[in-house]
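work-v2.txt (compact mmCIF, C-alpha atoms and all ligand atoms)
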# COMPACT_ATOMS: atom_id res chain seq x y z
CA MET R 1 9.28 -15.30 0.69
CA TYR R 2 10.02 -12.85 -2.04
CA SER R 3 13.79 -13.00 -2.14
CA GLN R 4 13.64 -16.03 -4.31
CA VAL R 5 16.42 -18.22 -5.49
CA ILE R 6 15.85 -18.99 -9.11
CA ASP R 7 17.14 -22.32 -10.29
CA GLU R 8 18.79 -21.43 -13.52
CA GLN R 9 18.13 -24.34 -15.79
CA PRO R 10 19.71 -24.07 -19.20
CA VAL R 11 17.00 -23.47 -21.75
CA SER R 12 17.16 -23.60 -25.53
CA SER R 13 16.61 -20.34 -27.34
CA ASP R 14 13.35 -21.65 -28.81
CA GLU R 15 12.06 -22.37 -25.36
CA LEU R 16 13.22 -18.97 -24.18
CA ASN R 17 11.47 -17.26 -27.07
CA ALA R 18 8.28 -19.11 -26.28
CA GLN R 19 8.55 -18.07 -22.63
CA GLU R 20 9.19 -14.48 -23.58
CA ALA R 21 6.24 -14.44 -25.95
CA LEU R 22 4.00 -15.77 -23.19
CA PHE R 23 5.37 -13.16 -20.83
CA GLN R 24 4.70 -10.34 -23.29
CA GLU R 25 1.21 -11.66 -23.87
CA LYS R 26 0.50 -11.45 -20.14
CA ILE R 27 1.70 -7.87 -20.10
CA ASP R 28 -0.33 -6.96 -23.17
CA ASN R 29 -3.39 -8.35 -21.41
CA ASP R 30 -2.64 -6.31 -18.27
CA ILE R 31 -1.97 -9.37 -16.15
CA LYS R 32 0.40 -8.30 -13.38
CA ILE R 33 3.78 -9.97 -13.06
CA GLU R 34 4.41 -11.19 -9.51
CA PRO R 35 7.75 -11.88 -7.80
CA ARG R 36 7.93 -15.62 -8.33
CA ASP R 37 6.66 -15.57 -11.93
CA TRP R 38 9.07 -16.20 -14.76
CA MET R 39 10.44 -12.98 -16.25
CA PRO R 40 13.17 -12.14 -18.77
CA ASP R 41 16.51 -11.16 -17.27
CA GLY R 42 16.32 -7.76 -18.91
CA TYR R 43 12.95 -7.03 -17.32
CA ARG R 44 14.29 -7.97 -13.90
CA LYS R 45 17.47 -5.93 -14.29
CA THR R 46 15.73 -2.87 -15.69
CA LEU R 47 13.16 -2.95 -12.89
CA ILE R 48 15.82 -3.34 -10.20
CA ARG R 49 17.62 -0.33 -11.59
CA GLN R 50 14.49 1.74 -11.96
CA ILE R 51 12.90 0.92 -8.60
CA SER R 52 16.12 1.27 -6.62
CA GLN R 53 16.89 4.61 -8.29
CA HIS R 54 13.42 5.70 -7.36
CA ALA R 55 13.97 4.55 -3.76
CA HIS R 56 17.32 6.35 -3.56
CA SER R 57 15.61 9.53 -4.80
CA GLU R 58 13.05 9.36 -2.00
CA ILE R 59 15.78 8.88 0.60
CA VAL R 60 18.19 11.52 -0.71
CA GLY R 61 15.16 13.75 -1.30
CA MET R 62 14.73 14.06 2.46
CA LEU R 63 18.03 15.95 2.74
CA PRO R 64 17.31 19.29 1.01
CA GLU R 65 14.11 19.66 3.04
CA GLY R 66 15.52 18.19 6.23
CA LYS R 67 17.79 21.19 6.55
CA TRP R 68 14.74 23.45 7.01
CA LEU R 69 13.09 21.38 9.74
CA THR R 70 14.79 23.39 12.47
CA ARG R 71 14.26 26.65 10.61
CA ALA R 72 10.53 26.45 9.88
CA PRO R 73 8.80 29.76 10.71
CA SER R 74 6.06 28.24 12.91
CA LEU R 75 5.29 25.09 14.83
CA THR R 76 2.54 24.19 12.35
CA ARG R 77 4.86 24.53 9.36
CA LYS R 78 7.46 22.51 11.20
CA SER R 79 5.00 19.70 11.97
CA ILE R 80 3.85 19.67 8.34
CA LEU R 81 7.39 19.53 6.99
CA LEU R 82 8.34 16.84 9.46
CA ALA R 83 5.36 14.75 8.32
CA LYS R 84 6.29 15.24 4.68
CA VAL R 85 9.92 14.29 5.19
CA GLN R 86 8.82 11.24 7.17
CA ASP R 87 6.54 10.26 4.27
CA GLU R 88 9.49 10.43 1.88
CA GLY R 89 11.41 8.05 4.15
CA GLY R 90 8.40 5.73 3.99
CA HIS R 91 8.31 5.98 0.19
CA GLY R 92 11.92 4.93 0.09
CA LEU R 93 11.09 1.88 2.21
CA TYR R 94 8.08 0.82 0.11
CA LEU R 95 10.25 0.99 -2.96
CA TYR R 96 13.28 -0.78 -1.51
CA SER R 97 10.91 -3.56 -0.44
CA ALA R 98 9.47 -3.76 -3.96
CA ALA R 99 12.99 -4.00 -5.42
CA GLU R 100 13.94 -6.71 -2.95
CA THR R 101 11.19 -8.95 -4.33
CA LEU R 102 13.28 -9.09 -7.51
CA GLY R 103 16.19 -10.74 -5.72
CA VAL R 104 18.45 -7.77 -4.92
CA THR R 105 19.28 -7.18 -1.24
CA ARG R 106 18.85 -3.96 0.69
CA ASP R 107 22.57 -3.91 1.45
CA GLU R 108 23.45 -4.23 -2.23
CA MET R 109 21.26 -1.25 -3.02
CA TYR R 110 22.67 0.84 -0.17
CA LEU R 111 26.17 -0.03 -1.24
CA ALA R 112 25.41 1.05 -4.80
CA LEU R 113 24.06 4.37 -3.55
CA HIS R 114 26.84 5.01 -1.05
CA SER R 115 29.60 4.18 -3.49
CA GLY R 116 28.17 6.65 -5.99
CA LYS R 117 27.45 3.89 -8.48
CA ALA R 118 23.67 4.22 -8.32
CA LYS R 119 21.89 7.32 -9.53
CA TYR R 120 19.08 9.28 -7.95
CA SER R 121 17.01 12.16 -9.30
CA SER R 122 19.18 15.11 -10.37
CA ILE R 123 16.79 17.54 -8.68
CA PHE R 124 18.08 16.79 -5.19
CA ASN R 125 21.53 18.07 -6.02
CA TYR R 126 20.31 21.66 -5.95
CA PRO R 127 20.56 23.68 -2.72
CA THR R 128 17.59 24.92 -0.68
CA LEU R 129 18.59 28.52 -0.02
CA THR R 130 15.46 30.03 1.51
CA TRP R 131 12.22 28.96 3.19
CA ALA R 132 10.37 29.67 -0.07
CA ASP R 133 12.33 26.80 -1.64
CA ILE R 134 10.36 24.43 0.57
CA GLY R 135 7.11 25.77 -0.88
CA VAL R 136 8.37 25.56 -4.44
CA ILE R 137 9.68 22.03 -3.91
CA GLY R 138 6.24 20.91 -2.74
CA TRP R 139 4.56 22.59 -5.68
CA LEU R 140 6.96 21.71 -8.50
CA VAL R 141 9.16 18.82 -7.38
CA ASP R 142 6.40 16.81 -5.74
CA GLY R 143 4.11 17.95 -8.55
CA ALA R 144 6.46 16.55 -11.17
CA ALA R 145 6.92 13.38 -9.14
CA ILE R 146 3.14 12.90 -8.98
CA MET R 147 2.87 13.31 -12.73
CA ASN R 148 5.45 10.57 -13.15
CA GLN R 149 4.06 8.29 -10.50
CA VAL R 150 0.33 8.31 -11.14
CA PRO R 151 0.60 6.30 -14.39
CA LEU R 152 3.05 3.89 -12.72
CA GLN R 153 0.23 2.70 -10.47
CA ARG R 154 -0.80 0.70 -13.54
CA CYS R 155 2.66 -0.67 -14.34
CA SER R 156 3.11 -4.37 -15.03
CA TYR R 157 5.06 -5.39 -11.92
CA GLY R 158 2.69 -6.05 -9.00
CA PRO R 159 4.82 -4.98 -6.02
CA TYR R 160 5.95 -1.79 -7.80
CA ALA R 161 2.40 -0.90 -8.83
CA ARG R 162 1.14 -1.46 -5.28
CA ALA R 163 3.94 0.67 -3.80
CA MET R 164 2.99 3.41 -6.26
CA VAL R 165 -0.62 3.33 -5.10
CA ARG R 166 0.44 3.97 -1.52
CA ILE R 167 2.88 6.66 -2.56
CA CYS R 168 0.44 8.53 -4.76
CA LYS R 169 -2.11 8.63 -1.95
CA GLU R 170 0.45 10.42 0.21
CA GLU R 171 1.98 12.74 -2.40
CA SER R 172 -1.07 14.89 -2.84
CA PHE R 173 -0.62 16.41 0.61
CA HIS R 174 3.02 17.20 -0.25
CA GLN R 175 2.07 19.28 -3.24
CA ARG R 176 -0.84 21.02 -1.60
CA GLN R 177 1.11 22.07 1.50
CA GLY R 178 3.78 23.58 -0.76
CA PHE R 179 1.32 25.48 -2.89
CA GLU R 180 -0.58 26.74 0.13
CA MET R 181 2.67 27.98 1.65
CA LEU R 182 3.40 29.87 -1.60
CA ILE R 183 -0.06 31.45 -1.56
CA THR R 184 0.71 32.70 1.95
CA LEU R 185 4.12 34.05 0.91
CA CYS R 186 2.74 35.70 -2.22
CA LYS R 187 0.03 37.45 -0.21
CA GLY R 188 2.64 38.66 2.28
CA LYS R 189 5.13 41.50 2.18
CA PRO R 190 6.92 42.34 -1.10
CA VAL R 191 10.11 40.72 0.20
CA GLN R 192 8.21 37.51 0.87
CA LYS R 193 6.78 37.47 -2.61
CA ALA R 194 10.21 38.24 -4.02
CA MET R 195 11.57 35.28 -2.10
CA ALA R 196 8.93 33.03 -3.70
CA GLN R 197 9.78 34.39 -7.16
CA ASP R 198 13.46 33.81 -6.58
CA ALA R 199 12.79 30.21 -5.54
CA LEU R 200 10.66 29.63 -8.65
CA ASN R 201 13.44 31.09 -10.81
CA ARG R 202 15.93 28.59 -9.45
CA TRP R 203 13.68 25.47 -9.37
CA TRP R 204 11.70 25.78 -12.59
CA TRP R 205 14.22 24.37 -15.06
CA PRO R 206 15.56 21.62 -12.80
CA SER R 207 11.93 20.54 -12.29
CA LEU R 208 11.43 20.19 -16.04
CA MET R 209 14.59 18.03 -16.12
CA MET R 210 12.94 15.60 -13.70
CA PHE R 211 11.05 14.05 -16.61
CA GLY R 212 14.31 12.92 -18.15
CA PRO R 213 15.95 13.70 -21.48
CA PRO R 214 13.92 14.20 -24.68
CA ASP R 215 12.40 10.94 -25.93
CA ALA R 216 14.72 11.00 -28.94
CA ASP R 217 17.75 10.73 -26.61
CA SER R 218 16.22 8.40 -24.08
CA VAL R 219 18.04 5.09 -24.30
CA HIS R 220 15.75 2.49 -22.77
CA SER R 221 12.34 3.96 -23.45
CA ALA R 222 10.89 1.75 -26.18
CA GLN R 223 11.53 -1.59 -24.46
CA SER R 224 10.41 -0.24 -21.07
CA MET R 225 7.16 0.95 -22.60
CA ARG R 226 6.57 -2.43 -24.20
CA TRP R 227 7.11 -3.99 -20.77
CA LYS R 228 4.79 -1.41 -19.21
CA ILE R 229 7.28 -0.30 -16.62
CA LYS R 230 7.32 3.10 -18.27
CA MET R 231 3.89 4.31 -19.19
CA ASN R 232 4.42 7.68 -20.91
CA GLY R 233 7.07 9.45 -22.95
CA ASN R 234 9.26 11.99 -21.15
CA ASP R 235 8.25 14.83 -23.47
CA GLU R 236 4.56 14.08 -23.14
CA LEU R 237 4.69 14.31 -19.32
CA ARG R 238 6.88 17.42 -19.42
CA GLN R 239 4.35 19.11 -21.68
CA LYS R 240 1.51 18.17 -19.38
CA PHE R 241 3.45 19.56 -16.43
CA VAL R 242 4.05 22.90 -18.14
CA ASP R 243 0.40 23.17 -19.12
CA VAL R 244 -0.69 22.52 -15.54
CA CYS R 245 1.84 24.89 -13.96
CA VAL R 246 1.24 27.99 -16.09
CA PRO R 247 -2.20 28.85 -14.66
CA GLN R 248 -1.01 27.91 -11.15
CA ALA R 249 1.87 30.39 -11.41
CA GLU R 250 -0.58 33.01 -12.63
CA LEU R 251 -2.78 32.38 -9.63
CA LEU R 252 0.19 33.00 -7.37
CA GLY R 253 1.13 36.10 -9.34
CA LEU R 254 4.57 34.66 -10.06
CA THR R 255 6.39 34.62 -13.38
CA ILE R 256 7.80 31.40 -14.79
CA PRO R 257 11.40 32.16 -15.82
CA ASP R 258 10.93 31.28 -19.49
CA ASN R 259 10.02 34.06 -21.92
CA LYS R 260 9.22 31.51 -24.62
CA ILE R 261 6.16 30.22 -22.77
CA ILE R 262 3.13 31.04 -24.88
CA TRP R 263 -0.21 29.38 -25.54
CA ASN R 264 -0.27 27.60 -28.89
CA GLU R 265 -3.83 27.74 -30.18
CA GLU R 266 -3.21 25.19 -32.91
CA TRP R 267 -1.72 22.55 -30.63
CA GLN R 268 -3.85 23.46 -27.64
CA GLN R 269 -0.81 23.47 -25.40
CA HIS R 270 1.97 25.80 -24.30
CA ASP R 271 5.14 26.28 -26.27
CA PHE R 272 8.13 26.60 -24.00
CA GLY R 273 11.90 27.13 -24.15
CA GLU R 274 14.66 24.58 -24.49
CA VAL R 275 15.89 22.86 -21.34
CA ASN R 276 19.63 23.12 -20.77
CA TRP R 277 20.47 19.44 -21.15
CA ASP R 278 24.20 20.01 -20.67
CA GLU R 279 23.41 21.12 -17.14
CA PHE R 280 21.26 18.01 -16.62
CA TYR R 281 23.98 15.60 -17.74
CA ASN R 282 26.57 17.48 -15.76
CA VAL R 283 24.56 17.17 -12.54
CA LEU R 284 23.92 13.51 -13.29
CA LYS R 285 27.65 12.97 -13.67
CA GLY R 286 28.16 14.24 -10.14
CA ASN R 287 29.04 17.88 -10.77
CA GLY R 288 25.92 19.56 -9.40
CA VAL R 289 26.16 22.08 -6.57
CA CYS R 290 25.30 19.56 -3.85
CA ASN R 291 26.14 16.08 -5.20
CA ARG R 292 29.03 15.58 -2.81
CA GLU R 293 27.25 17.09 0.16
CA ARG R 294 24.18 14.88 -0.35
CA LEU R 295 26.12 11.67 -0.69
CA LYS R 296 28.27 12.51 2.30
CA ALA R 297 25.23 13.27 4.46
CA ARG R 298 23.68 9.96 3.46
CA VAL R 299 26.85 7.93 4.09
CA ASP R 300 27.48 9.71 7.41
CA ALA R 301 23.93 8.97 8.56
CA TRP R 302 24.43 5.29 7.70
CA GLU R 303 27.81 5.02 9.38
CA ASP R 304 26.89 7.04 12.45
CA GLY R 305 23.87 4.79 12.90
CA ALA R 306 25.96 1.60 12.83
CA TRP R 307 26.12 1.31 16.62
CA VAL R 308 22.33 1.45 16.85
CA ARG R 309 21.95 -1.37 14.34
CA ASP R 310 24.62 -3.39 16.13
CA ALA R 311 22.97 -2.84 19.50
CA ALA R 312 19.57 -3.89 18.17
CA LYS R 313 21.08 -7.01 16.68
CA ALA R 314 22.95 -7.88 19.89
CA TYR R 315 19.71 -7.50 21.79
CA ALA R 316 17.91 -9.81 19.35
CA VAL R 317 20.63 -12.47 19.80
CA LYS R 318 20.51 -12.15 23.59
CA ARG R 319 16.74 -12.49 23.61
CA GLN R 320 16.88 -15.53 21.38
CA ARG R 321 19.38 -17.17 23.72
CA SER R 322 17.33 -16.54 26.83
CA SER R 323 14.15 -17.80 25.16
CA SER R 324 15.83 -21.04 24.07
CA LEU R 325 16.95 -21.82 27.65
CA MET X 1 27.19 -5.49 6.41
CA SER X 2 24.69 -8.11 7.41
CA GLU X 3 21.02 -7.39 7.16
CA TRP X 4 18.27 -7.66 9.71
CA PRO X 5 15.74 -10.31 8.71
CA LEU X 6 12.88 -9.42 6.41
CA TRP X 7 9.31 -9.38 7.80
CA GLU X 8 6.04 -9.38 5.90
CA VAL X 9 3.52 -6.94 7.35
CA PHE X 10 -0.22 -7.54 7.58
CA ILE X 11 -2.66 -4.86 8.70
CA ARG X 12 -6.26 -4.97 9.81
CA SER X 13 -7.66 -1.74 8.47
CA GLN X 14 -10.92 -1.78 10.44
CA HIS X 15 -12.55 -3.85 13.13
CA GLY X 16 -14.32 -6.76 11.49
CA LEU X 17 -12.02 -7.01 8.46
CA ALA X 18 -9.24 -9.52 7.91
CA HIS X 19 -5.55 -8.61 8.08
CA ARG X 20 -4.16 -7.84 4.67
CA HIS X 21 -0.61 -7.97 3.35
CA VAL X 22 0.71 -4.42 2.88
CA GLY X 23 4.44 -4.84 2.34
CA SER X 24 7.63 -5.79 4.10
CA LEU X 25 10.45 -4.33 6.15
CA HIS X 26 13.65 -5.29 7.96
CA ALA X 27 13.91 -5.47 11.74
CA PRO X 28 16.05 -7.32 14.30
CA THR X 29 13.15 -8.63 16.41
CA SER X 30 9.42 -9.12 16.03
CA GLU X 31 8.71 -6.25 18.45
CA MET X 32 10.87 -3.90 16.44
CA ALA X 33 9.17 -5.11 13.29
CA VAL X 34 5.79 -4.15 14.76
CA CYS X 35 7.15 -0.72 15.80
CA ASN X 36 8.61 -0.11 12.36
CA ALA X 37 5.43 -1.32 10.68
CA ARG X 38 3.49 1.20 12.70
CA ASP X 39 5.76 4.01 11.47
CA VAL X 40 5.97 2.84 7.89
CA TYR X 41 2.50 1.52 7.14
CA THR X 42 0.05 3.27 9.48
CA ARG X 43 0.87 6.97 9.39
CA ARG X 44 -2.69 7.86 8.41
CA ASN X 45 -5.02 5.66 10.46
CA GLU X 46 -4.61 2.76 8.04
CA GLY X 47 -4.89 0.17 10.74
CA VAL X 48 -6.18 -1.04 14.07
CA SER X 49 -3.95 -4.13 14.29
CA ILE X 50 -0.60 -5.28 12.91
CA TRP X 51 0.81 -8.77 12.29
CA VAL X 52 4.39 -9.40 11.27
CA VAL X 53 5.73 -12.72 10.01
CA LYS X 54 9.29 -13.54 9.10
CA SER X 55 9.35 -13.77 5.30
CA ALA X 56 11.46 -16.89 5.50
CA ASP X 57 8.70 -18.64 7.44
CA ILE X 58 6.10 -18.29 4.71
CA SER X 59 5.54 -21.21 2.35
CA ALA X 60 3.92 -20.36 -0.94
CA SER X 61 2.49 -22.26 -3.87
CA GLU X 62 4.61 -22.44 -7.01
CA PRO X 63 3.49 -20.11 -9.82
CA ASN X 64 4.41 -22.91 -12.25
CA ASN X 65 1.92 -25.22 -10.57
CA LYS X 66 -0.89 -22.75 -11.01
CA ASP X 67 -2.73 -24.87 -13.57
CA MET X 68 -2.30 -28.08 -11.65
CA LEU X 69 -3.57 -26.47 -8.46
CA PHE X 70 -6.39 -24.33 -9.64
CA GLU X 71 -7.55 -25.83 -12.92
CA PRO X 72 -9.63 -28.60 -11.27
CA SER X 73 -12.08 -26.03 -9.95
CA HIS X 74 -12.62 -24.38 -13.33
CA ASP X 75 -15.05 -26.94 -14.72
CA LYS X 76 -17.11 -27.35 -11.58
CA ILE X 77 -19.54 -24.64 -12.39
CA PHE X 78 -22.23 -26.51 -10.46
CA ARG X 79 -20.54 -25.20 -7.33
CA HIS X 80 -21.97 -21.76 -8.07
CA PRO X 81 -25.58 -20.83 -7.31
CA THR X 82 -26.03 -19.32 -10.77
CA PHE X 83 -25.72 -22.82 -12.27
CA TYR X 84 -29.27 -23.59 -11.18
CA ASP X 85 -32.18 -22.25 -13.20
CA LEU X 86 -35.24 -21.79 -11.06
CA PRO X 87 -38.68 -20.51 -12.02
CA ASP X 88 -39.14 -16.78 -11.51
CA ASP X 89 -41.85 -17.25 -8.91
CA VAL X 90 -39.57 -18.99 -6.42
CA ASP X 91 -38.86 -16.35 -3.77
CA TYR X 92 -36.28 -16.08 -1.02
CA MET X 93 -33.67 -18.32 -2.67
FE FE I 1 7.83 10.72 -2.27
FE FE I 2 6.67 13.82 -1.89
In structure tokens, write the structure found in this file.
Amino acid sequence: MYSQVIDEQPVSSDELNAQEALFQEKIDNDIKIEPRDWMPDGYRKTLIRQISQHAHSEIVGMLPEGKWLTRAPSLTRKSILLAKVQDEGGHGLYLYSAAETLGVTRDEMYLALHSGKAKYSSIFNYPTLTWADIGVIGWLVDGAAIMNQVPLQRCSYGPYARAMVRICKEESFHQRQGFEMLITLCKGKPVQKAMAQDALNRWWWPSLMMFGPPDADSVHSAQSMRWKIKMNGNDELRQKFVDVCVPQAELLGLTIPDNKIIWNEEWQQHDFGEVNWDEFYNVLKGNGVCNRERLKARVDAWEDGAWVRDAAKAYAVKRQRSSSL
Amino acid sequence: MSEWPLWEVFIRSQHGLAHRHVGSLHAPTSEMAVCNARDVYTRRNEGVSIWVVKSADISASEPNNKDMLFEPSHDKIFRHPTFYDLPDDVDYM
């Protein structure tokens, strides 16, 4: 019912302006926009891009962790990681469904991802070298994702907001299992603690990049905030993240790899060093360590699964035939 | 590529409650849709029963007709119990 066909009737610009004003008024009054409601083209397009990118990130995000499923050090850790990775697959599905209510098809979104046209979060183009990476990913990567996603539960588009509610409920376990694993490692042998420190060293800066470029360089921010599909500035969330992580790192006895981190009494927040934005843009352009590997794994999984989809469809056709006899 | 049909998923969260729309998914048959719904929407005891309905089979009211459909009930405040002022000493009502 949601993949609606919109009859495009030519409207005068006055009429359009009136419609847009009404639309903005709804948003200002926190009235949710639902799939079949009128919405400006720009709103629809921006949302499709944003939600599908988010969905792609969940799906590609399964890959760096998936590699460690068969290498988990105990059956419990393996079950936990399996459950987390399965959740991420579910998150991808909730989000693809939300995007589909805007009139884009699942196949169009897959095609955009598989052809390299669509983006996903830069963080998943970094390699997971040791088991400690899995702990740090839960702590920092899921932690950063939560910080981004919690405010989106209040965003203006109903299906997106509702998907975010489900996702946020599930994310908390992801972060806690990661942090608990790090506590265990940091209480272990010196080599285990060193492994945790090494993972933190490699994941810290890419995690800060997850919040996106500085607000001053962020192209679509102002309009998206007016539409309430972006609820906070990138820098504001990044700051919050740093402030939350500093005491957590201390608790673990690990050192954040930034010697500029210092408490600023006047601002009541931490000062911290400059993110290497050249690296961020470079990874986004496709030149990260794992960009090619990730995309290939995703495309291979889709293509290798083709016979299963075909078989299921053939079965559905056969069943339909026999029931219509 | 040609997609499997889209299904809307409804879940009864507890005995005694109504099924509630939770989202949608693609599946080739209704049985597969129920299986997928179990995996996607009930990983943490969210439900005791699942319904799936082909999205294409749902008819919905037009958002543009909202006023026409729902306005007539706005001014019938006498349909609500609070419309009636009763003396304080009337009990059990
Ligand atoms: Fe997720
Ligand atoms: Fe997660």
message: Between CA of Pro247 in chain R and CA of Gly138 in chain R, what distance in Å does the model show, to one decimal?
response: 16.6 Å
- prompt: Hey, which residues come within 12 Å of ligand FE 1 (chain I) if we count only C-alpha atoms and all ligand atoms? Could you give them as number ranges by chain?
  reply: R: 54-62, 83-95, 121, 137-138, 141-150, 163-175
- request: Restrict the distance test to only C-alpha atoms, flag each residue of chain R within 9 Å of chain X, and return the flagged residues as JSON, numbers by chain.
  value: {"R": [1, 2, 3, 34, 36, 37, 38, 86, 87, 89, 90, 91, 93, 94, 96, 97, 98, 105, 106, 107, 159, 162, 163, 309, 312, 313, 314, 315, 316, 317, 319]}
message: Quick one: residues within 9 Å of Arg12 in chain X, only C-alpha atoms, excluding same-chain residues fewer than 4 positions away - as a ChimeraX atom specification?
response: /X:16-20,46-51
- request: Just the residues within 9 Å of Val136 in chain R, please, counting all atoms listed in the file, with nothing from its chain fewer than 6 positions along; format it as an NGL selection string.
  value: :R and (175 or 178-179 or 181-182 or 196 or 199-200 or 203-204)
message: For a test of reading the model, state the distance in Å between atom FE of ligand FE 2 (chain I) and CA of Val219 in chain R, rounded to one decimal.
response: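 Those two atoms sit 26.6 Å apart.
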task: Pick out the residues sitting within 12 Å of Thr255 in chain R, and hand them over as a list in words; count only C-alpha atoms, and ignore anything fewer than 6 positions along from it in its own chain.
output: Cys186, Lys193, Ala194, Ala196, Gln197, Asp198, Ala199, Leu200, Asn201, Arg202, Trp204, Cys245, Val246, Pro247, Gln248, Ala249 and Ile261 of chain R
Separation of CA of Glu65 in chain R from CA of Leu82 in chain R in Å: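 Taking CA of Leu82 in chain R and CA of Glu65 in chain R, their separation equals 9.1 Å.
For the choices R:Lys318, R:Arg298, R:Arg226, R:Arg176, the atom-to-atom distance to ligand FE 2 (chain I) is smallest for R:Arg176 when using all atoms listed in the file.
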- prompt: Which residue, R:Ala311, R:Ile134, R:Met109, R:Leu16, has the smallest gap to ligand FE 2 (chain I) when you use all atoms listed in the file?
  reply: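 The closest residue to ligand FE 2 (chain I) is R:Ile134.
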Contacts of Lys45 in chain R at 12 Å or less, counting all atoms listed in the file, minus same-chain residues fewer than 2 places along, as a CSV table (one decimal) with C-alpha atoms, in the frame of the given file?
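Once everything was written out, this is part.csv:
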chain,number,residue,atom,x,y,z
R,39,MET,CA,10.4,-13.0,-16.2
R,40,PRO,CA,13.2,-12.1,-18.8
R,41,ASP,CA,16.5,-11.2,-17.3
R,42,GLY,CA,16.3,-7.8,-18.9
R,43,TYR,CA,13.0,-7.0,-17.3
R,47,LEU,CA,13.2,-3.0,-12.9
R,48,ILE,CA,15.8,-3.3,-10.2
R,49,ARG,CA,17.6,-0.3,-11.6
R,50,GLN,CA,14.5,1.7,-12.0
R,51,ILE,CA,12.9,0.9,-8.6
R,52,SER,CA,16.1,1.3,-6.6
R,99,ALA,CA,13.0,-4.0,-5.4
R,100,GLU,CA,13.9,-6.7,-3.0
R,102,LEU,CA,13.3,-9.1,-7.5
R,103,GLY,CA,16.2,-10.7,-5.7
R,104,VAL,CA,18.4,-7.8,-4.9
R,224,SER,CA,10.4,-0.2,-21.1
R,229,ILE,CA,7.3,-0.3,-16.6
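Considering only C-alpha atoms, the residue among R:Ala18, R:Leu140, R:Val299, R:Ala118 positioned nearest to Val242 in chain R is R:Leu140.
Shortest separation to ligand FE 2 (chain I) among R:Ser13, R:Ala132, R:Thr70, R:Gln177 occurs at residue R:Gln177, atoms counted being only C-alpha atoms and all ligand atoms.
Closest approach to ligand FE 2 (chain I) among R:Ala161, R:Leu81, R:Lys228, R:Leu284: R:Leu81, based on all atoms listed in the file.
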message: Around the point (9.3, 27.0, -19.9) (coordinates from the file), which residues reach within 9 Å if we count only C-alpha atoms? Answer as number ranges by chain.
response: R: 204-205, 208, 242, 246, 256-262, 270-275
Could you write out as lines of an AutoDock Vina configuration file the box around range 50-63 of chain X (axis-aligned, all atoms listed in the file, 8 Å on each side), with centre and edge lengths in Å to one decimal?
center_x = 5.4
center_y = -13.9
center_z = 1.5
size_x = 28.1
size_y = 33.2
size_z = 38.7
